[in-house]
>>> print(open('work-v2.txt').read())   # compact mmCIF, C-alpha atoms
# COMPACT_ATOMS: atom_id res chain seq x y z
CA MET A 612 -13.99 -6.53 7.45
CA ALA A 613 -13.92 -6.23 3.68
CA HIS A 614 -13.56 -2.74 2.28
CA SER A 615 -16.42 -1.82 -0.05
CA TYR A 616 -15.07 -0.64 -3.36
CA GLN A 617 -17.07 2.22 -4.75
CA THR A 618 -18.02 2.55 -8.40
CA PHE A 619 -16.29 5.63 -9.76
CA SER A 620 -18.70 8.40 -10.75
CA PHE A 621 -17.91 10.90 -13.46
CA VAL A 622 -17.02 13.44 -10.74
CA ALA A 623 -14.59 10.98 -9.12
CA LEU A 624 -13.02 10.30 -12.48
CA VAL A 625 -12.51 14.02 -13.06
CA ALA A 626 -10.93 14.27 -9.60
CA LEU A 627 -8.51 11.50 -10.52
CA VAL A 628 -7.44 13.37 -13.63
CA VAL A 629 -6.68 16.35 -11.40
CA VAL A 630 -4.70 14.19 -8.97
CA PHE A 631 -2.71 12.55 -11.75
CA PRO A 632 -0.93 14.81 -14.27
CA LEU A 633 -2.17 14.80 -17.84
CA VAL A 634 0.27 12.20 -19.09
CA ALA A 635 -1.28 9.43 -21.20
CA SER A 636 0.66 6.61 -19.57
CA ALA A 637 -0.09 7.91 -16.08
CA GLN A 638 -3.82 8.24 -16.81
CA ALA A 639 -3.93 4.62 -17.99
CA ILE A 640 -2.87 3.28 -14.60
CA THR A 641 -5.76 4.93 -12.75
CA ASP A 642 -7.98 2.24 -14.26
CA GLY A 643 -8.79 -0.26 -11.52
CA LEU A 644 -6.96 1.68 -8.80
CA VAL A 645 -8.86 1.05 -5.56
CA ALA A 646 -6.36 2.21 -2.94
CA CYS A 647 -3.41 4.58 -3.16
CA TYR A 648 -1.13 5.62 -0.30
CA PRO A 649 1.27 8.36 -1.50
CA PHE A 650 2.36 9.06 2.11
CA ALA A 651 2.28 12.81 1.47
CA GLY A 652 2.56 13.73 5.15
CA ASN A 653 0.11 11.06 6.32
CA ALA A 654 -1.06 7.48 5.72
CA ASP A 655 -4.34 8.38 4.01
CA ASP A 656 -5.74 6.52 1.02
CA ILE A 657 -6.47 9.23 -1.56
CA MET A 658 -9.09 7.20 -3.44
CA PRO A 659 -12.86 7.76 -3.01
CA GLY A 660 -14.08 6.10 0.22
CA GLY A 661 -10.47 6.02 1.41
CA ALA A 662 -9.26 2.95 3.33
CA HIS A 663 -6.97 5.09 5.46
CA GLY A 664 -4.00 3.75 7.36
CA THR A 665 -3.38 3.93 11.12
CA ILE A 666 0.29 4.45 11.97
CA TYR A 667 2.00 2.35 14.64
CA GLY A 668 5.54 3.57 15.15
CA ALA A 669 6.42 4.33 11.51
CA THR A 670 7.85 7.82 11.04
CA LEU A 671 7.79 10.24 8.12
CA ILE A 672 11.00 10.58 6.13
CA ALA A 673 12.14 12.07 2.81
CA ASP A 674 11.23 10.20 -0.35
CA ALA A 675 13.58 9.16 -3.17
CA GLN A 676 13.55 12.68 -4.57
CA GLY A 677 14.50 14.18 -1.22
CA VAL A 678 11.06 15.66 -0.49
CA SER A 679 10.58 15.77 3.29
CA ASP A 680 7.76 13.79 4.93
CA HIS A 681 6.71 11.94 1.75
CA ALA A 682 7.58 8.36 2.73
CA TYR A 683 7.54 6.23 5.90
CA ASP A 684 10.49 4.77 7.75
CA PHE A 685 9.97 1.32 9.31
CA ASN A 686 12.39 0.29 12.06
CA GLY A 687 11.71 -3.43 12.31
CA GLY A 688 8.97 -2.96 14.89
CA SER A 689 6.57 -0.50 13.26
CA HIS A 690 3.73 -0.80 10.77
CA ILE A 691 0.68 0.84 9.21
CA GLN A 692 -2.71 -0.91 9.36
CA THR A 693 -5.17 -0.10 6.59
CA THR A 694 -8.91 -0.78 6.50
CA LEU A 695 -8.62 -2.48 3.10
CA THR A 696 -9.17 -6.20 2.51
CA VAL A 697 -7.89 -7.39 -0.85
CA GLN A 698 -10.14 -10.05 -2.40
CA THR A 699 -10.26 -9.92 -6.18
CA SER A 700 -9.99 -12.51 -8.94
CA ALA A 701 -7.26 -10.38 -10.50
CA GLY A 702 -5.20 -7.59 -9.04
CA THR A 703 -1.94 -5.79 -8.50
CA VAL A 704 -0.08 -4.48 -5.45
CA SER A 705 2.97 -2.26 -5.75
CA ALA A 706 5.29 -0.04 -3.71
CA TRP A 707 8.57 1.81 -3.74
CA THR A 708 10.97 0.38 -1.16
CA TYR A 709 14.40 0.97 0.36
CA VAL A 710 16.04 -1.86 2.29
CA TYR A 711 18.29 -1.09 5.28
CA THR A 712 18.76 -4.71 6.30
CA TYR A 713 16.72 -7.90 6.73
CA GLN A 714 16.29 -10.69 9.24
CA THR A 715 17.06 -14.29 8.31
CA GLY A 716 16.00 -17.70 9.57
CA TYR A 717 12.76 -19.66 9.92
CA ASN A 718 9.55 -17.57 9.93
CA GLN A 719 11.60 -14.42 9.45
CA LEU A 720 9.92 -12.85 6.43
CA ASN A 721 10.44 -9.12 5.91
CA LEU A 722 7.14 -7.81 4.58
CA VAL A 723 6.35 -4.67 2.65
CA LEU A 724 2.68 -5.77 2.47
CA GLY A 725 0.93 -8.55 4.35
CA GLN A 726 -2.63 -9.86 4.58
CA TRP A 727 -2.30 -12.85 6.88
CA ASP A 728 -0.71 -15.74 4.93
CA ASN A 729 -2.91 -15.06 1.92
CA LEU A 730 -1.14 -12.15 0.22
CA GLN A 731 2.45 -11.14 0.97
CA LEU A 732 5.03 -8.97 -0.77
CA GLY A 733 8.55 -8.50 0.56
CA LEU A 734 11.65 -10.55 1.36
CA GLY A 735 11.73 -14.29 2.02
CA ASP A 736 13.18 -16.46 4.78
CA SER A 737 14.86 -19.84 5.26
CA SER A 738 11.55 -21.72 5.31
CA LEU A 739 11.28 -20.82 1.62
CA GLY A 740 15.00 -21.25 0.99
CA ALA A 741 14.94 -17.54 0.19
CA ASP A 742 16.62 -15.50 2.95
CA GLY A 743 16.76 -11.91 1.72
CA GLN A 744 15.23 -12.72 -1.67
CA TRP A 745 12.24 -10.87 -3.06
CA ILE A 746 8.96 -12.80 -2.84
CA PHE A 747 5.33 -12.48 -3.83
CA ARG A 748 3.15 -15.03 -1.98
CA PHE A 749 -0.48 -15.76 -2.85
CA ARG A 750 -2.95 -18.33 -1.50
CA ASP A 751 -4.84 -19.61 -4.54
CA GLY A 752 -8.45 -20.75 -4.91
CA GLY A 753 -7.53 -24.28 -3.82
CA GLY A 754 -5.94 -23.04 -0.60
CA THR A 755 -2.37 -23.67 -1.76
CA MET A 756 0.26 -21.03 -1.02
CA ARG A 757 2.07 -20.10 -4.22
CA ASN A 758 5.51 -18.50 -3.96
CA ALA A 759 7.06 -16.38 -6.70
CA ILE A 760 10.68 -16.03 -5.59
CA GLY A 761 13.06 -13.52 -7.11
CA PRO A 762 16.71 -12.60 -6.60
CA LEU A 763 18.54 -11.49 -3.46
CA THR A 764 17.78 -7.88 -2.64
CA GLU A 765 20.24 -5.05 -2.83
CA LEU A 766 20.70 -2.84 0.22
CA GLY A 767 20.81 0.91 0.28
CA ARG A 768 18.93 1.84 -2.89
CA TRP A 769 15.34 2.42 -3.98
CA ILE A 770 13.62 -0.59 -5.56
CA HIS A 771 10.14 -0.74 -7.08
CA VAL A 772 8.35 -4.01 -6.33
CA ALA A 773 4.98 -5.28 -7.56
CA GLY A 774 2.91 -8.44 -7.39
CA VAL A 775 0.30 -9.28 -10.05
CA TRP A 776 -2.30 -12.05 -10.21
CA ASP A 777 -4.70 -12.72 -13.07
CA GLY A 778 -6.55 -15.89 -12.04
CA SER A 779 -4.08 -18.22 -13.72
CA GLN A 780 -0.65 -17.08 -12.49
CA ILE A 781 1.18 -14.70 -10.17
CA ILE A 782 4.07 -12.51 -11.26
CA LEU A 783 6.70 -10.76 -9.16
CA TYR A 784 8.14 -7.60 -10.72
CA LEU A 785 11.28 -5.74 -9.65
CA ASP A 786 12.07 -2.31 -11.06
CA GLY A 787 9.44 -2.81 -13.75
CA GLN A 788 10.70 -6.17 -15.00
CA PRO A 789 9.27 -9.67 -14.32
CA ALA A 790 11.44 -11.54 -11.81
CA ALA A 791 9.37 -14.71 -11.21
CA THR A 792 6.14 -16.30 -12.47
CA VAL A 793 4.21 -19.16 -10.83
CA PRO A 794 0.84 -20.79 -11.75
CA ALA A 795 -1.95 -19.83 -9.35
CA VAL A 796 -5.68 -20.27 -10.00
CA GLY A 797 -8.40 -18.27 -8.26
CA ALA A 798 -8.96 -15.04 -6.35
CA ALA A 799 -6.95 -13.68 -3.45
CA ALA A 800 -8.25 -15.22 -0.21
CA ALA A 801 -9.85 -12.55 1.98
CA SER A 802 -8.81 -12.38 5.60
CA GLY A 803 -8.26 -9.31 7.72
CA SER A 804 -6.96 -5.94 6.64
CA LEU A 805 -3.90 -5.19 4.58
CA MET A 806 -0.83 -4.34 6.65
CA ILE A 807 2.05 -2.18 5.47
CA GLY A 808 5.41 -3.13 6.97
CA ARG A 809 4.55 -6.43 8.67
CA HIS A 810 2.39 -9.59 8.85
CA THR A 811 -1.11 -9.38 10.36
CA TYR A 812 0.40 -10.94 13.47
CA ALA A 813 3.07 -8.86 15.19
CA GLN A 814 5.92 -10.40 13.19
CA ASN A 815 7.77 -10.28 9.86
CA TYR A 816 8.56 -6.57 10.12
CA TRP A 817 10.17 -4.38 7.46
CA PHE A 818 13.55 -2.70 7.99
CA GLY A 819 13.63 0.27 5.65
CA ILE A 820 11.46 2.80 3.82
CA ILE A 821 8.15 2.27 2.00
CA ASP A 822 6.44 4.75 -0.30
CA ASP A 823 3.63 5.00 -2.88
CA VAL A 824 1.67 1.84 -2.03
CA MET A 825 -0.95 1.08 -4.70
CA VAL A 826 -3.64 -1.61 -4.94
CA TYR A 827 -5.56 -2.40 -8.14
CA ASP A 828 -8.51 -4.70 -8.76
CA ARG A 829 -7.07 -5.86 -12.07
CA ALA A 830 -3.83 -7.36 -13.34
CA LEU A 831 -1.70 -4.54 -14.72
CA THR A 832 0.11 -5.25 -17.97
CA PRO A 833 3.92 -5.41 -18.15
CA ALA A 834 3.90 -2.01 -19.85
CA GLU A 835 1.83 -0.49 -17.03
CA ILE A 836 4.12 -1.95 -14.37
CA GLU A 837 7.02 -0.38 -16.22
CA VAL A 838 5.25 2.99 -16.05
CA LEU A 839 4.84 2.63 -12.27
CA ALA A 840 8.47 1.71 -11.85
CA GLY A 841 9.84 4.28 -14.30
CA THR A 842 13.33 3.82 -15.67
CA TYR A 843 16.52 4.87 -13.98
CA THR A 844 20.20 4.17 -13.53
CA ALA A 845 20.34 5.96 -10.19
CA VAL A 846 17.87 7.65 -7.85
CA GLU A 847 18.83 11.09 -9.18
CA SER A 848 17.90 10.18 -12.78
CA ARG A 849 14.72 8.19 -12.12
CA SER A 850 11.68 8.97 -14.27
CA TRP A 851 8.57 8.78 -12.07
CA GLY A 852 6.15 8.59 -15.00
CA GLY A 853 4.56 11.89 -14.00
CA ILE A 854 2.85 10.27 -11.03
CA LYS A 855 4.72 11.22 -7.89
CA ALA A 856 4.54 14.95 -8.61
CA GLY A 857 0.75 14.73 -8.63
CA PHE A 858 0.72 13.67 -4.97
CA ARG A 859 2.66 16.70 -3.77
CA GLU A 860 0.83 19.37 -1.86
>>> encode(input="work-v2.txt", output="structure tokens")
Amino acid sequence: MAHSYQTFSFVALVALVVVFPLVASAQAITDGLVACYPFAGNADDIMPGGAHGTIYGATLIADAQGVSDHAYDFNGGSHIQTTLTVQTSAGTVSAWTYVYTYQTGYNQLNLVLGQWDNLQLGLGDSSLGADGQWIFRFRDGGGTMRNAIGPLTELGRWIHVAGVWDGSQIILYLDGQPAATVPAVGAAAASGSLMIGRHTYAQNYWFGIIDDVMVYDRALTPAEIEVLAGTYTAVESRSWGGIKAGFRE
């Protein structure tokens, strides 16, 4: 069932400013934010009318900064089911990820986010000629599946991944930089609820860690994606754009 997005009131907007530190770049990316899963000890959506997640086997683990119980570990058979259905003419999905390993072969996607075959973010498989490569998949207004395929993933480090659609194209971003762009006309096809860590069917599981899942009802700009991803040369020196700290309790 589609999640009803609420119109932000002035009070809700003030609450968001409290949640997000008073950093100009961080404030800018609250615009259009309809679901946010910081995984601060639970799988709740912190936005008004929260589309909370139900946990199936995923376990809390330390995040990239070493803070206990602020990310979820997915063992290749676990997932989180939200009550959110993504159906917008433009939008953005993003997450922090850590890849342990990945499965290969036909119909062996490794999904960070999945909404049936209509919206998928994760690693590809041999059916796409993309075993272990980053992908953003989007079923366009004509019913055609569009595949933005990026490079082979690295194992054992944190990677920020995002998928953006604006009604004319889809863009896959890795660590704040565009990795692939493909034409795609129309809104995201609505079907079922958004899954974290697998396909809607019990398949295409993630092997690794997922953190800070965000869903927007608009296409973020390249500069905004860069803010979400921060800049870093190693986990210890990553700049989180003043966002992560605002989720801490």
>>> residues_around(input="work-v2.txt", residues="A:Met825", least_positions_apart="5", cutoff="8 Å", atoms="only C-alpha atoms", output="PDB file with C-alpha atoms, in the coordinates of the input")
ATOM      1  CA  LEU A 644      -6.960   1.680  -8.800  1.00  0.00           C
ATOM      2  CA  VAL A 645      -8.860   1.050  -5.560  1.00  0.00           C
ATOM      3  CA  ALA A 646      -6.360   2.210  -2.940  1.00  0.00           C
ATOM      4  CA  CYS A 647      -3.410   4.580  -3.160  1.00  0.00           C
ATOM      5  CA  TYR A 648      -1.130   5.620  -0.300  1.00  0.00           C
ATOM      6  CA  THR A 703      -1.940  -5.790  -8.500  1.00  0.00           C
ATOM      7  CA  VAL A 704      -0.080  -4.480  -5.450  1.00  0.00           C
ATOM      8  CA  SER A 705       2.970  -2.260  -5.750  1.00  0.00           C
ATOM      9  CA  ALA A 706       5.290  -0.040  -3.710  1.00  0.00           C
TER      10      ALA A 706
END
>>> closest_atom_pairs(input="work-v2.txt", of="stretch 636-715 of chain A", to="stretch 763-784 of chain A", cutoff="10 Å", atoms="only C-alpha atoms", output="Markdown table")
| residue | atom | partner | partner_atom | distance |
| --- | --- | --- | --- | --- |
| A:Asp674 | CA | A:Trp769 | CA | 9.5 |
| A:Ala675 | CA | A:Trp769 | CA | 7.0 |
| A:Thr699 | CA | A:Gly778 | CA | 9.2 |
| A:Ser700 | CA | A:Gly778 | CA | 5.7 |
| A:Ala701 | CA | A:Asp777 | CA | 4.3 |
| A:Gly702 | CA | A:Trp776 | CA | 5.4 |
| A:Thr703 | CA | A:Val775 | CA | 4.4 |
| A:Val704 | CA | A:Gly774 | CA | 5.3 |
| A:Ser705 | CA | A:Ala773 | CA | 4.1 |
| A:Ala706 | CA | A:Val772 | CA | 5.7 |
| A:Trp707 | CA | A:His771 | CA | 4.5 |
| A:Thr708 | CA | A:Ile770 | CA | 5.2 |
| A:Tyr709 | CA | A:Trp769 | CA | 4.7 |
| A:Val710 | CA | A:Leu766 | CA | 5.2 |
| A:Tyr711 | CA | A:Leu766 | CA | 5.9 |
| A:Thr712 | CA | A:Leu766 | CA | 6.7 |
| A:Tyr713 | CA | A:Leu766 | CA | 9.2 |
>>> residues_around(input="work-v2.txt", residues="A:Ala840", least_positions_apart="4", cutoff="7 Å", atoms="all atoms listed in the file", output="ChimeraX atom specification")
/A:771,786-787,836
>>> residues_around(input="work-v2.txt", residues="stretch 664-672 of chain A", least_positions_apart="4", cutoff="8 Å", atoms="only C-alpha atoms", output="mmCIF file with C-alpha atoms, keeping the file's coordinate frame")
data_model
loop_
_atom_site.group_PDB
_atom_site.id
_atom_site.type_symbol
_atom_site.label_atom_id
_atom_site.label_comp_id
_atom_site.auth_asym_id
_atom_site.auth_seq_id
_atom_site.Cartn_x
_atom_site.Cartn_y
_atom_site.Cartn_z
ATOM 1 C CA GLY A 652 2.560 13.730 5.150
ATOM 2 C CA ASN A 653 0.110 11.060 6.320
ATOM 3 C CA ALA A 654 -1.060 7.480 5.720
ATOM 4 C CA ASP A 655 -4.340 8.380 4.010
ATOM 5 C CA ASP A 656 -5.740 6.520 1.020
ATOM 6 C CA SER A 679 10.580 15.770 3.290
ATOM 7 C CA ASP A 680 7.760 13.790 4.930
ATOM 8 C CA HIS A 681 6.710 11.940 1.750
ATOM 9 C CA ALA A 682 7.580 8.360 2.730
ATOM 10 C CA TYR A 683 7.540 6.230 5.900
ATOM 11 C CA ASP A 684 10.490 4.770 7.750
ATOM 12 C CA PHE A 685 9.970 1.320 9.310
ATOM 13 C CA ASN A 686 12.390 0.290 12.060
ATOM 14 C CA GLY A 688 8.970 -2.960 14.890
ATOM 15 C CA SER A 689 6.570 -0.500 13.260
ATOM 16 C CA HIS A 690 3.730 -0.800 10.770
ATOM 17 C CA ILE A 691 0.680 0.840 9.210
ATOM 18 C CA GLN A 692 -2.710 -0.910 9.360
ATOM 19 C CA THR A 693 -5.170 -0.100 6.590
ATOM 20 C CA THR A 694 -8.910 -0.780 6.500
#
>>> atom_distance(input="work-v2.txt", atom1="atom CA of A:Asp742", atom2="atom CA of A:Ala800")
25.1 Å
>>> atom_distance(input="work-v2.txt", atom1="atom CA of A:Leu722", atom2="atom CA of A:Leu695")
16.7 Å
>>> closest_residue(input="work-v2.txt", among="A:Thr811, A:Thr832, A:Gln726, A:Ser738", to="A:Pro789", atoms="only C-alpha atoms")
A:Thr832
>>> closest_residue(input="work-v2.txt", among="A:Ile746, A:Ile821, A:Tyr717, A:Leu724", to="A:Phe650", atoms="only C-alpha atoms")
A:Ile821
>>> residues_around(input="work-v2.txt", residues="A:Trp745", least_positions_apart="2", cutoff="8 Å", atoms="all atoms listed in the file", output="ChimeraX atom specification")
/A:732-735,741,743,747,760-764
>>> closest_residue(input="work-v2.txt", among="A:Pro833, A:Gly752, A:Gly819, A:Gly841", to="A:Ala799", atoms="all atoms listed in the file")
A:Gly752
>>> atom_distance(input="work-v2.txt", atom1="atom CA of A:Ala798", atom2="atom CA of A:Ile640")
21.0 Å
